[in-house]
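work.cif, holding mmCIF, C-alpha atoms:
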data_structure
loop_
_atom_site.label_atom_id
_atom_site.label_comp_id
_atom_site.auth_asym_id
_atom_site.auth_seq_id
_atom_site.Cartn_x
_atom_site.Cartn_y
_atom_site.Cartn_z
CA MET A 30 70.41 90.74 81.11
CA SER A 31 74.21 91.00 80.98
CA ILE A 32 76.36 89.14 83.52
CA PHE A 33 77.44 92.45 85.06
CA LYS A 34 73.88 93.70 85.50
CA ALA A 35 72.88 90.34 86.96
CA ARG A 36 75.67 90.60 89.54
CA VAL A 37 74.66 94.16 90.41
CA LYS A 38 71.11 92.98 90.99
CA GLU A 39 72.35 90.15 93.22
CA PHE A 40 74.24 92.63 95.40
CA ASP A 41 71.28 95.02 95.39
CA ASP A 42 68.99 92.27 96.62
CA ALA A 43 71.45 90.93 99.21
CA LEU A 44 72.16 94.34 100.75
CA ALA A 45 68.52 95.45 100.74
CA GLN A 46 67.38 92.85 103.24
CA ASP A 47 66.32 93.86 106.75
CA VAL A 48 68.68 91.19 108.05
CA ILE A 49 71.70 90.64 105.81
CA ASP A 50 72.45 87.01 104.99
CA LEU A 51 76.20 87.07 105.63
CA LYS A 52 76.69 83.66 104.05
CA GLU A 53 75.16 84.92 100.82
CA LEU A 54 77.13 88.17 101.03
CA ARG A 55 80.35 86.19 101.43
CA ARG A 56 79.48 84.07 98.40
CA LEU A 57 78.86 87.13 96.26
CA THR A 58 81.81 89.15 97.50
CA PHE A 59 84.22 86.23 97.11
CA ASN A 60 83.75 86.46 93.35
CA GLY A 61 84.47 90.20 93.29
CA VAL A 62 82.39 93.29 94.04
CA PRO A 63 81.11 95.41 91.12
CA ASP A 64 82.67 98.88 91.27
CA VAL A 65 79.30 100.63 91.47
CA GLN A 66 77.13 102.11 94.20
CA SER A 67 78.30 101.45 97.78
CA PHE A 68 78.57 97.69 97.43
CA ARG A 69 82.22 97.31 98.41
CA ALA A 70 82.25 99.91 101.20
CA LEU A 71 79.10 98.51 102.80
CA GLY A 72 80.09 94.91 102.18
CA TRP A 73 83.48 95.36 103.85
CA LYS A 74 81.85 97.06 106.86
CA LEU A 75 79.68 93.98 107.27
CA LEU A 76 82.35 91.36 106.58
CA LEU A 77 84.82 93.00 108.98
CA GLY A 78 82.17 93.15 111.69
CA TYR A 79 81.94 96.94 111.95
CA LEU A 80 78.23 96.70 111.18
CA GLY A 81 75.96 93.89 112.32
CA PRO A 82 73.64 92.06 109.92
CA THR A 83 70.49 93.76 111.29
CA ARG A 84 69.89 96.88 109.24
CA SER A 85 67.85 98.63 111.91
CA SER A 86 70.93 98.72 114.18
CA TRP A 87 73.16 100.53 111.69
CA THR A 88 72.05 104.08 112.44
CA THR A 89 72.72 103.73 116.17
CA THR A 90 76.01 101.88 115.67
CA LEU A 91 77.35 104.42 113.21
CA ALA A 92 76.30 107.40 115.34
CA GLN A 93 77.96 105.94 118.45
CA LYS A 94 81.16 104.92 116.70
CA ARG A 95 81.55 108.23 114.87
CA ALA A 96 80.97 110.20 118.08
CA LEU A 97 83.56 108.03 119.82
CA TYR A 98 86.09 108.68 117.06
CA LYS A 99 85.53 112.44 117.35
CA GLN A 100 86.28 112.08 121.04
CA PHE A 101 89.51 110.23 120.20
CA ILE A 102 90.60 113.15 118.03
CA GLU A 103 89.87 115.68 120.76
CA GLU A 104 91.66 113.69 123.46
CA LEU A 105 94.56 112.14 121.55
CA VAL A 106 95.35 114.41 118.62
CA LEU A 107 94.79 117.98 119.76
CA PRO A 108 97.61 119.48 121.84
CA PRO A 109 97.27 119.66 125.63
CA GLY A 110 95.29 122.71 126.74
CA HIS A 111 94.01 123.28 123.21
CA SER A 112 91.35 125.87 122.52
CA CYS A 113 88.28 124.45 120.76
CA ASN A 114 87.52 126.85 117.99
CA GLY A 115 83.91 125.91 117.37
CA ALA A 116 84.61 125.23 113.71
CA GLY A 117 82.25 122.28 113.74
CA ASP A 118 82.51 118.55 114.10
CA GLY A 119 82.79 117.59 110.48
CA ASP A 120 79.03 117.15 110.10
CA GLY A 121 78.46 120.68 108.85
CA ASP A 122 77.43 122.05 112.25
CA GLY A 123 79.52 125.15 112.67
CA ASP A 124 77.43 126.85 115.35
CA ALA A 125 79.03 125.27 118.40
CA GLU A 126 79.98 127.75 121.07
CA VAL A 127 83.62 128.60 121.49
CA ALA A 128 84.99 126.89 124.55
CA VAL A 129 88.31 126.17 126.17
CA GLU A 130 89.18 122.54 126.73
CA THR A 131 91.97 121.98 129.19
CA ARG A 132 91.77 118.17 129.29
CA GLY A 133 93.12 118.19 132.82
CA VAL A 134 96.12 120.33 131.97
CA GLY A 135 96.75 122.64 134.88
CA LEU A 136 99.44 124.92 136.20
CA GLN A 137 101.58 121.95 137.26
CA ASP A 138 101.79 120.68 133.66
CA HIS A 139 104.22 122.86 131.76
CA PRO A 140 105.41 122.10 128.20
CA LEU A 141 108.91 121.56 129.59
CA SER A 142 107.74 119.12 132.25
CA GLU A 143 109.30 115.65 132.07
CA GLY A 144 107.03 114.11 134.69
CA PRO A 145 105.47 110.72 133.80
CA GLU A 146 101.97 112.16 134.30
CA SER A 147 102.64 115.21 132.15
CA ALA A 148 100.36 115.51 129.12
CA TRP A 149 103.03 117.62 127.44
CA ASN A 150 105.70 115.01 128.06
CA THR A 151 103.47 112.41 126.42
CA PHE A 152 102.74 114.82 123.58
CA PHE A 153 106.43 115.21 122.72
CA ASN A 154 107.23 111.51 123.20
CA ASP A 155 104.53 110.66 120.67
CA ASN A 156 106.62 112.40 118.02
CA GLU A 157 109.01 109.44 117.97
CA PHE A 158 106.53 107.11 116.25
CA LEU A 159 104.71 109.98 114.55
CA LEU A 160 107.89 110.66 112.58
CA GLN A 161 107.72 107.16 111.07
CA ILE A 162 104.00 107.44 110.37
CA ASP A 163 104.55 110.76 108.63
CA LYS A 164 107.24 109.25 106.48
CA ASP A 165 105.17 106.21 105.51
CA VAL A 166 101.88 107.92 104.68
CA ARG A 167 103.62 110.41 102.39
CA ARG A 168 104.55 107.56 100.05
CA LEU A 169 101.25 105.69 100.22
CA CYS A 170 100.17 104.18 96.88
CA PRO A 171 102.59 106.30 94.82
CA ASP A 172 101.20 104.87 91.58
CA ILE A 173 98.01 106.92 92.00
CA SER A 174 97.43 110.54 93.01
CA PHE A 175 94.43 109.92 95.26
CA PHE A 176 96.22 110.31 98.59
CA GLN A 177 97.79 113.60 97.50
CA GLN A 178 94.40 115.11 96.72
CA PRO A 179 92.34 117.14 99.22
CA THR A 180 89.52 115.38 101.00
CA GLU A 181 86.06 116.82 100.57
CA TYR A 182 85.41 116.35 104.28
CA PRO A 183 88.38 117.63 106.33
CA CYS A 184 88.29 117.39 110.10
CA ASP A 185 87.25 120.92 111.09
CA ILE A 186 88.66 120.92 114.62
CA VAL A 187 92.05 120.03 113.15
CA VAL A 188 92.31 122.06 109.96
CA HIS A 189 90.95 125.27 111.47
CA SER A 190 93.86 125.73 113.84
CA ARG A 191 93.56 129.51 114.17
CA GLY A 192 97.34 129.65 114.43
CA GLU A 193 97.56 126.99 117.16
CA HIS A 194 100.55 124.81 116.30
CA GLY A 195 100.34 121.02 116.58
CA ARG A 196 96.75 120.28 115.68
CA ARG A 197 97.88 118.96 112.32
CA LEU A 198 100.11 116.01 113.06
CA HIS A 199 102.62 116.64 110.30
CA GLU A 200 103.43 120.00 111.90
CA ARG A 201 105.03 118.18 114.83
CA VAL A 202 107.72 116.58 112.71
CA VAL A 203 110.05 118.05 110.13
CA PRO A 204 109.85 116.18 106.81
CA THR A 205 113.34 117.27 105.80
CA VAL A 206 114.90 115.01 108.44
CA LEU A 207 113.11 111.90 107.21
CA SER A 208 115.33 109.15 105.91
CA SER A 209 114.74 105.75 104.36
CA ALA A 210 116.25 103.84 107.27
CA ASN A 211 114.43 100.66 108.30
CA VAL A 212 112.13 100.98 111.27
CA GLU A 213 112.53 98.85 114.38
CA ARG A 214 109.38 97.55 115.98
CA LYS A 215 109.10 98.67 119.59
CA GLY A 216 107.08 97.45 122.53
CA LEU A 217 106.47 93.75 122.15
CA GLY A 218 109.20 93.01 119.69
CA MET A 219 111.39 94.23 116.89
CA THR A 220 111.32 93.62 113.20
CA LYS A 221 112.20 95.19 109.90
CA ILE A 222 110.03 95.10 106.80
CA ASN A 223 112.95 95.94 104.57
CA LEU A 224 111.73 94.34 101.37
CA ILE A 225 109.07 96.93 100.53
CA THR A 226 109.95 97.99 97.03
CA LYS A 227 107.50 100.79 96.23
CA ARG A 228 109.23 104.10 96.61
CA SER A 229 108.30 107.63 95.64
CA VAL A 230 109.74 111.08 96.08
CA GLU A 231 108.11 112.55 99.17
CA THR A 232 106.35 115.41 97.46
CA TYR A 233 103.04 115.01 99.28
CA ALA A 234 102.52 118.59 100.35
CA ALA A 235 100.28 119.57 103.23
CA MET A 236 97.19 121.58 102.39
CA GLU A 237 96.42 125.15 103.27
CA GLU A 238 94.42 126.16 106.36
CA GLY A 239 90.93 124.66 106.17
CA GLN A 240 91.95 121.76 103.89
CA GLU A 241 93.80 118.49 104.28
CA ALA A 242 94.99 115.79 101.92
CA HIS A 243 93.87 112.19 102.18
CA TRP A 244 97.32 111.15 103.42
CA GLU A 245 96.90 113.52 106.37
CA VAL A 246 93.65 111.74 107.28
CA VAL A 247 95.37 108.35 107.10
CA GLN A 248 98.16 109.73 109.27
CA ARG A 249 95.62 110.68 111.94
CA ILE A 250 93.99 107.23 111.82
CA LEU A 251 97.33 105.48 112.33
CA PHE A 252 98.36 107.88 115.09
CA ILE A 253 95.14 107.30 117.03
CA TYR A 254 95.44 103.53 116.55
CA ALA A 255 99.00 103.61 117.92
CA LYS A 256 97.93 105.72 120.89
CA LEU A 257 95.09 103.33 121.73
CA ASN A 258 97.34 100.27 121.36
CA PRO A 259 100.56 101.24 123.21
CA GLY A 260 101.68 97.62 123.61
CA GLN A 261 101.89 97.28 119.87
CA GLY A 262 102.19 100.88 118.75
CA TYR A 263 102.82 101.69 115.11
CA VAL A 264 104.75 99.25 112.94
CA GLN A 265 105.93 100.04 109.45
CA GLY A 266 103.57 98.42 106.98
CA MET A 267 100.35 99.26 108.81
CA ASN A 268 100.02 102.17 106.39
CA GLU A 269 99.72 99.64 103.57
CA ILE A 270 96.86 97.91 105.41
CA VAL A 271 94.84 101.03 106.18
CA GLY A 272 95.39 102.60 102.74
CA PRO A 273 93.05 100.39 100.66
CA ILE A 274 90.34 100.47 103.35
CA TYR A 275 90.43 104.26 103.50
CA TYR A 276 90.38 104.48 99.69
CA VAL A 277 87.22 102.39 99.55
CA MET A 278 85.47 104.39 102.29
CA ALA A 279 86.55 107.78 100.91
CA SER A 280 85.42 106.83 97.39
CA ASP A 281 81.94 105.71 98.48
CA PRO A 282 79.40 107.14 96.01
CA ASP A 283 77.00 107.66 98.91
CA LEU A 284 78.05 111.06 100.21
CA SER A 285 76.37 110.50 103.58
CA TYR A 286 78.81 107.65 104.15
CA ARG A 287 81.79 109.30 102.46
CA ALA A 288 81.53 112.23 104.88
CA HIS A 289 82.45 109.82 107.68
CA ALA A 290 85.12 107.86 105.80
CA GLU A 291 87.77 108.59 108.43
CA ALA A 292 85.83 107.23 111.39
CA ASP A 293 84.43 104.26 109.48
CA CYS A 294 87.89 103.42 108.12
CA PHE A 295 89.39 103.58 111.62
CA PHE A 296 86.99 100.99 113.04
CA CYS A 297 87.25 98.72 109.98
CA PHE A 298 91.05 98.95 110.18
CA THR A 299 90.95 98.21 113.91
CA ALA A 300 88.74 95.18 113.28
CA LEU A 301 91.12 93.84 110.64
CA MET A 302 94.17 94.53 112.80
CA SER A 303 92.59 92.52 115.61
CA GLU A 304 92.86 89.52 113.29
CA ILE A 305 96.34 90.15 111.90
CA ARG A 306 98.02 91.97 114.82
CA ASP A 307 100.07 88.84 115.57
CA PHE A 308 101.82 89.39 112.22
CA PHE A 309 103.23 92.63 113.62
CA ILE A 310 104.34 91.34 117.04
CA LYS A 311 107.68 89.57 116.97
CA THR A 312 107.16 87.68 120.23
CA LEU A 313 104.14 85.99 118.63
CA ASP A 314 105.88 85.04 115.37
CA ASP A 315 105.87 81.35 116.34
CA ALA A 316 102.30 81.36 117.67
CA GLU A 317 99.48 79.78 115.68
CA GLY A 318 98.45 83.18 114.40
CA GLY A 319 102.02 84.41 113.96
CA ILE A 320 103.76 85.14 110.70
CA LYS A 321 106.20 82.21 110.91
CA TYR A 322 103.29 79.82 111.29
CA MET A 323 101.62 81.37 108.23
CA MET A 324 104.81 81.10 106.17
CA ALA A 325 105.15 77.47 107.22
CA ARG A 326 101.60 76.77 106.04
CA LEU A 327 102.41 78.33 102.67
CA SER A 328 105.62 76.30 102.42
CA ASN A 329 103.78 73.07 103.23
CA MET A 330 101.09 73.81 100.66
CA LEU A 331 103.75 74.47 98.02
CA LYS A 332 105.45 71.18 98.93
CA THR A 333 102.15 69.34 98.50
CA LYS A 334 101.18 71.01 95.22
CA ASP A 335 104.57 71.03 93.44
CA ILE A 336 107.47 69.22 95.06
CA ASP A 337 109.83 70.24 92.22
CA ILE A 338 109.45 73.97 92.90
CA TYR A 339 109.64 73.37 96.63
CA GLU A 340 112.89 71.40 96.35
CA HIS A 341 114.36 73.87 93.85
CA LEU A 342 113.78 76.86 96.13
CA LYS A 343 115.04 74.84 99.09
CA SER A 344 118.23 73.89 97.23
CA GLN A 345 118.82 77.56 96.47
CA GLU A 346 118.22 78.38 100.15
CA LEU A 347 115.58 80.84 99.04
CA HIS A 348 113.62 80.76 102.27
CA PRO A 349 109.95 81.85 102.43
CA GLN A 350 110.80 84.88 104.58
CA TYR A 351 112.63 86.39 101.60
CA TYR A 352 109.33 86.95 99.82
CA SER A 353 106.25 85.60 101.63
CA PHE A 354 106.90 87.56 104.84
CA ARG A 355 105.82 90.72 103.04
CA TRP A 356 103.12 88.98 101.02
CA LEU A 357 101.35 87.66 104.12
CA THR A 358 102.02 90.49 106.56
CA LEU A 359 100.71 93.16 104.19
CA LEU A 360 97.98 90.98 102.61
CA LEU A 361 99.59 91.38 99.17
CA SER A 362 98.99 95.13 99.20
CA GLN A 363 102.54 95.76 97.92
CA GLU A 364 102.54 93.20 95.14
CA PHE A 365 99.75 94.48 92.89
CA PRO A 366 98.13 97.75 91.77
CA LEU A 367 95.43 99.08 94.10
CA PRO A 368 92.44 97.90 91.99
CA ASP A 369 93.86 94.37 92.07
CA VAL A 370 94.44 94.60 95.82
CA LEU A 371 90.78 95.53 96.30
CA ARG A 372 89.77 92.50 94.25
CA ILE A 373 92.01 90.22 96.31
CA TRP A 374 90.66 91.62 99.56
CA ASP A 375 87.07 91.00 98.40
CA SER A 376 87.90 87.30 98.41
CA VAL A 377 90.07 87.37 101.54
CA PHE A 378 87.43 89.21 103.60
CA SER A 379 84.81 86.75 102.35
CA ASP A 380 86.81 83.76 103.59
CA GLU A 381 85.30 82.61 106.88
CA GLN A 382 88.72 81.23 107.77
CA ARG A 383 89.96 84.63 106.62
CA PHE A 384 93.52 83.70 105.65
CA ASP A 385 93.20 80.22 104.19
CA PHE A 386 92.47 81.72 100.80
CA LEU A 387 95.27 84.28 101.17
CA ILE A 388 97.72 81.39 101.49
CA LYS A 389 96.22 79.77 98.38
CA ILE A 390 96.69 83.01 96.44
CA CYS A 391 100.32 83.19 97.53
CA CYS A 392 100.87 79.57 96.56
CA SER A 393 99.27 80.19 93.17
CA MET A 394 101.58 83.15 92.58
CA ILE A 395 104.51 80.76 92.90
CA LEU A 396 102.99 77.93 90.87
CA ILE A 397 102.06 80.24 88.00
CA GLN A 398 105.75 81.16 87.66
CA ARG A 399 106.79 77.50 87.70
CA GLU A 400 108.85 77.45 84.49
CA ALA A 401 110.72 80.64 85.28
CA ILE A 402 111.47 79.57 88.84
CA LEU A 403 112.86 76.18 87.79
CA GLU A 404 115.12 77.83 85.19
CA ASN A 405 116.28 80.77 87.31
CA ASP A 406 119.25 80.99 89.62
CA PHE A 407 118.97 82.29 93.19
CA ALA A 408 119.34 85.98 92.34
CA SER A 409 116.80 85.83 89.51
CA ASN A 410 114.24 84.04 91.67
CA VAL A 411 114.66 86.54 94.49
CA LYS A 412 114.04 89.35 92.03
CA LEU A 413 111.05 87.53 90.51
CA LEU A 414 109.32 86.85 93.83
CA GLN A 415 110.12 90.19 95.41
CA ASN A 416 108.99 92.09 92.31
CA TYR A 417 106.13 89.98 91.04
CA PRO A 418 105.56 90.51 87.31
CA PRO A 419 102.34 92.13 86.03
CA ILE A 420 99.51 89.65 85.60
CA ASP A 421 95.74 89.55 85.28
CA ILE A 422 94.69 89.18 88.90
CA ASN A 423 91.71 87.05 87.90
CA VAL A 424 94.15 84.44 86.56
CA VAL A 425 95.77 84.24 89.99
CA ILE A 426 92.46 84.09 91.86
CA THR A 427 91.03 81.45 89.52
CA HIS A 428 94.15 79.35 90.03
CA ALA A 429 93.87 79.77 93.79
CA VAL A 430 90.24 78.62 93.75
CA SER A 431 91.36 75.44 91.93
CA LEU A 432 93.69 74.48 94.78
CA ALA A 433 91.84 71.93 96.88
#
Could I get this file's structure written as structure tokens?
Amino acid sequence: MSIFKARVKEFDDALAQDVIDLKELRRLTFNGVPDVQSFRALGWKLLLGYLGPTRSSWTTTLAQKRALYKQFIEELVLPPGHSCNGAGDGDGDGDAEVAVETRGVGLQDHPLSEGPESAWNTFFNDNEFLLQIDKDVRRLCPDISFFQQPTEYPCDIVVHSRGEHGRRLHERVVPTVLSSANVERKGLGMTKINLITKRSVETYAAMEEGQEAHWEVVQRILFIYAKLNPGQGYVQGMNEIVGPIYYVMASDPDLSYRAHAEADCFFCFTALMSEIRDFFIKTLDDAEGGIKYMMARLSNMLKTKDIDIYEHLKSQELHPQYYSFRWLTLLLSQEFPLPDVLRIWDSVFSDEQRFDFLIKICCSMILIQREAILENDFASNVKLLQNYPPIDINVVITHAVSLA
């Protein structure tokens, strides 16, 4: 039996148990998930805590969570006083009776009302952060065409608007006014992730009535997350976190799971954000879970593993925030092609300490470029670390595993 087939069998056996052995699943996933069947999608659901280890609980959990997400769409995405068109709930049931949902919008709530309790006032205020979301999702993973393609399972209550403006989020903002200005983080702090280097012409067109592109689905996920987390809201870079998760869920070979990729992705993304949300809140930068603390850990590890590189970068005043801020905040999603990011996240999600191994990967990325870094001047090293050169990701991961 080939090594690949042996690994497939190991995953088959591990995920077929009535009670999943999470320790064994972590061991297997840490070494990379075979790109077959539903191994990665199911494994990530388990490792991120969306599903519990007891198989018999999955059906109930999934049904409840997916119903809850549908409710989020109806209450947070659809315009105030919207008319439910009975187009179905995304599960193929198109026989629902036509009804009018007012969501508490009465005669006192006019679209021009500026009252704090006005649903319309909230609706228009949401467009401020929706504009940034719209801009960011249109350039998601520009090296592949996946997010520009139509989803096989559009959200019926959104795409069948029957002429009602505002159900599709991108209709609320005008793409032609989008600019590349840095975004300021609102709410609990302010920051700028201004080192993101991937750029693409914003040609992601919206689909016709009855269809929607994958980027439109991701836009809705981020919008709902921001609405449910007003203290944090949306911060530029969250699109790079949700993108790989959605790709995995929406590429699941099991069509019964793929049909619910949006809801499943939302809850997996929310679970992951609960662990890394401190990275996106400036007032918590110095906390134990904050980004400055993480960068300090990386810097200390580099000092321990190679004092020459550490001193060289220090002498050039090339501070960790010039490169590792983005590496850590976005879990390396901007440094490598999507398939490599998925491989990295297999190992990161398998780490019980979650981000210990992420720091080792980042340290290895620096150590692997040792000769170049010691020879380069400041400008060349900034360019090297901000635009990491192509490399076999398994070389990086193997090196990271070797770091004690």
(message) Between atom CA of Leu71 of chain A and atom CA of Val246 of chain A, what is the distance in Å, rounded to a tenth?
(response)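 Going from atom CA of Leu71 of chain A over to atom CA of Val246 of chain A covers 20.2 Å.
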(message) Starting from the PyMOL selection byres ((chain A and resi 199) around 9), expand the selection into actual residues of this file and give them as a PyMOL selection string.
(response) chain A and resi 159-160+163+195-198+200-204+235+245+248
(message) So that I can see what lies close to Val277 of chain A, please list as a VMD selection string the residues with an atom at most 9 Å from it, counting only C-alpha atoms and leaving out residues fewer than 2 positions away in the same chain.
(response) chain A and resid 69 to 70 272 to 275 279 to 281 290 294 371
(message) Give me the residues near Asp47 of chain A as a ChimeraX atom specification, where near means some atom within 8 Å (using all atoms listed in the file) and where sequence neighbours in that chain fewer than 5 positions away do not count.
(response) /A:83-85
(request) Using all atoms listed in the file, find the one residue out of A:Ile336, A:Met324, A:Leu342, A:Val166 that sits nearest to Asn268 of chain A. (result)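 Using all atoms listed in the file, Asn268 of chain A sits closest to A:Val166.
Separating atom CA of Phe33 of chain A from atom CA of Asn60 of chain A is a distance of 12.0 Å.
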(message) Here is a test: counting only C-alpha atoms, which residue of A:Arg399, A:Arg287, A:Arg326, A:Arg95 is nearest to Pro183 of chain A?
(response)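 So, comparing all the options, the nearest one is A:Arg287.
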(message) So that I can check the surroundings of Ala234 of chain A, please list as JSON, numbers by chain every protein, DNA and RNA residue that reaches within 9 Å of it, counting all atoms listed in the file and ignoring chain neighbours fewer than 6 positions away.
(response) {"A": [167, 177, 242]}
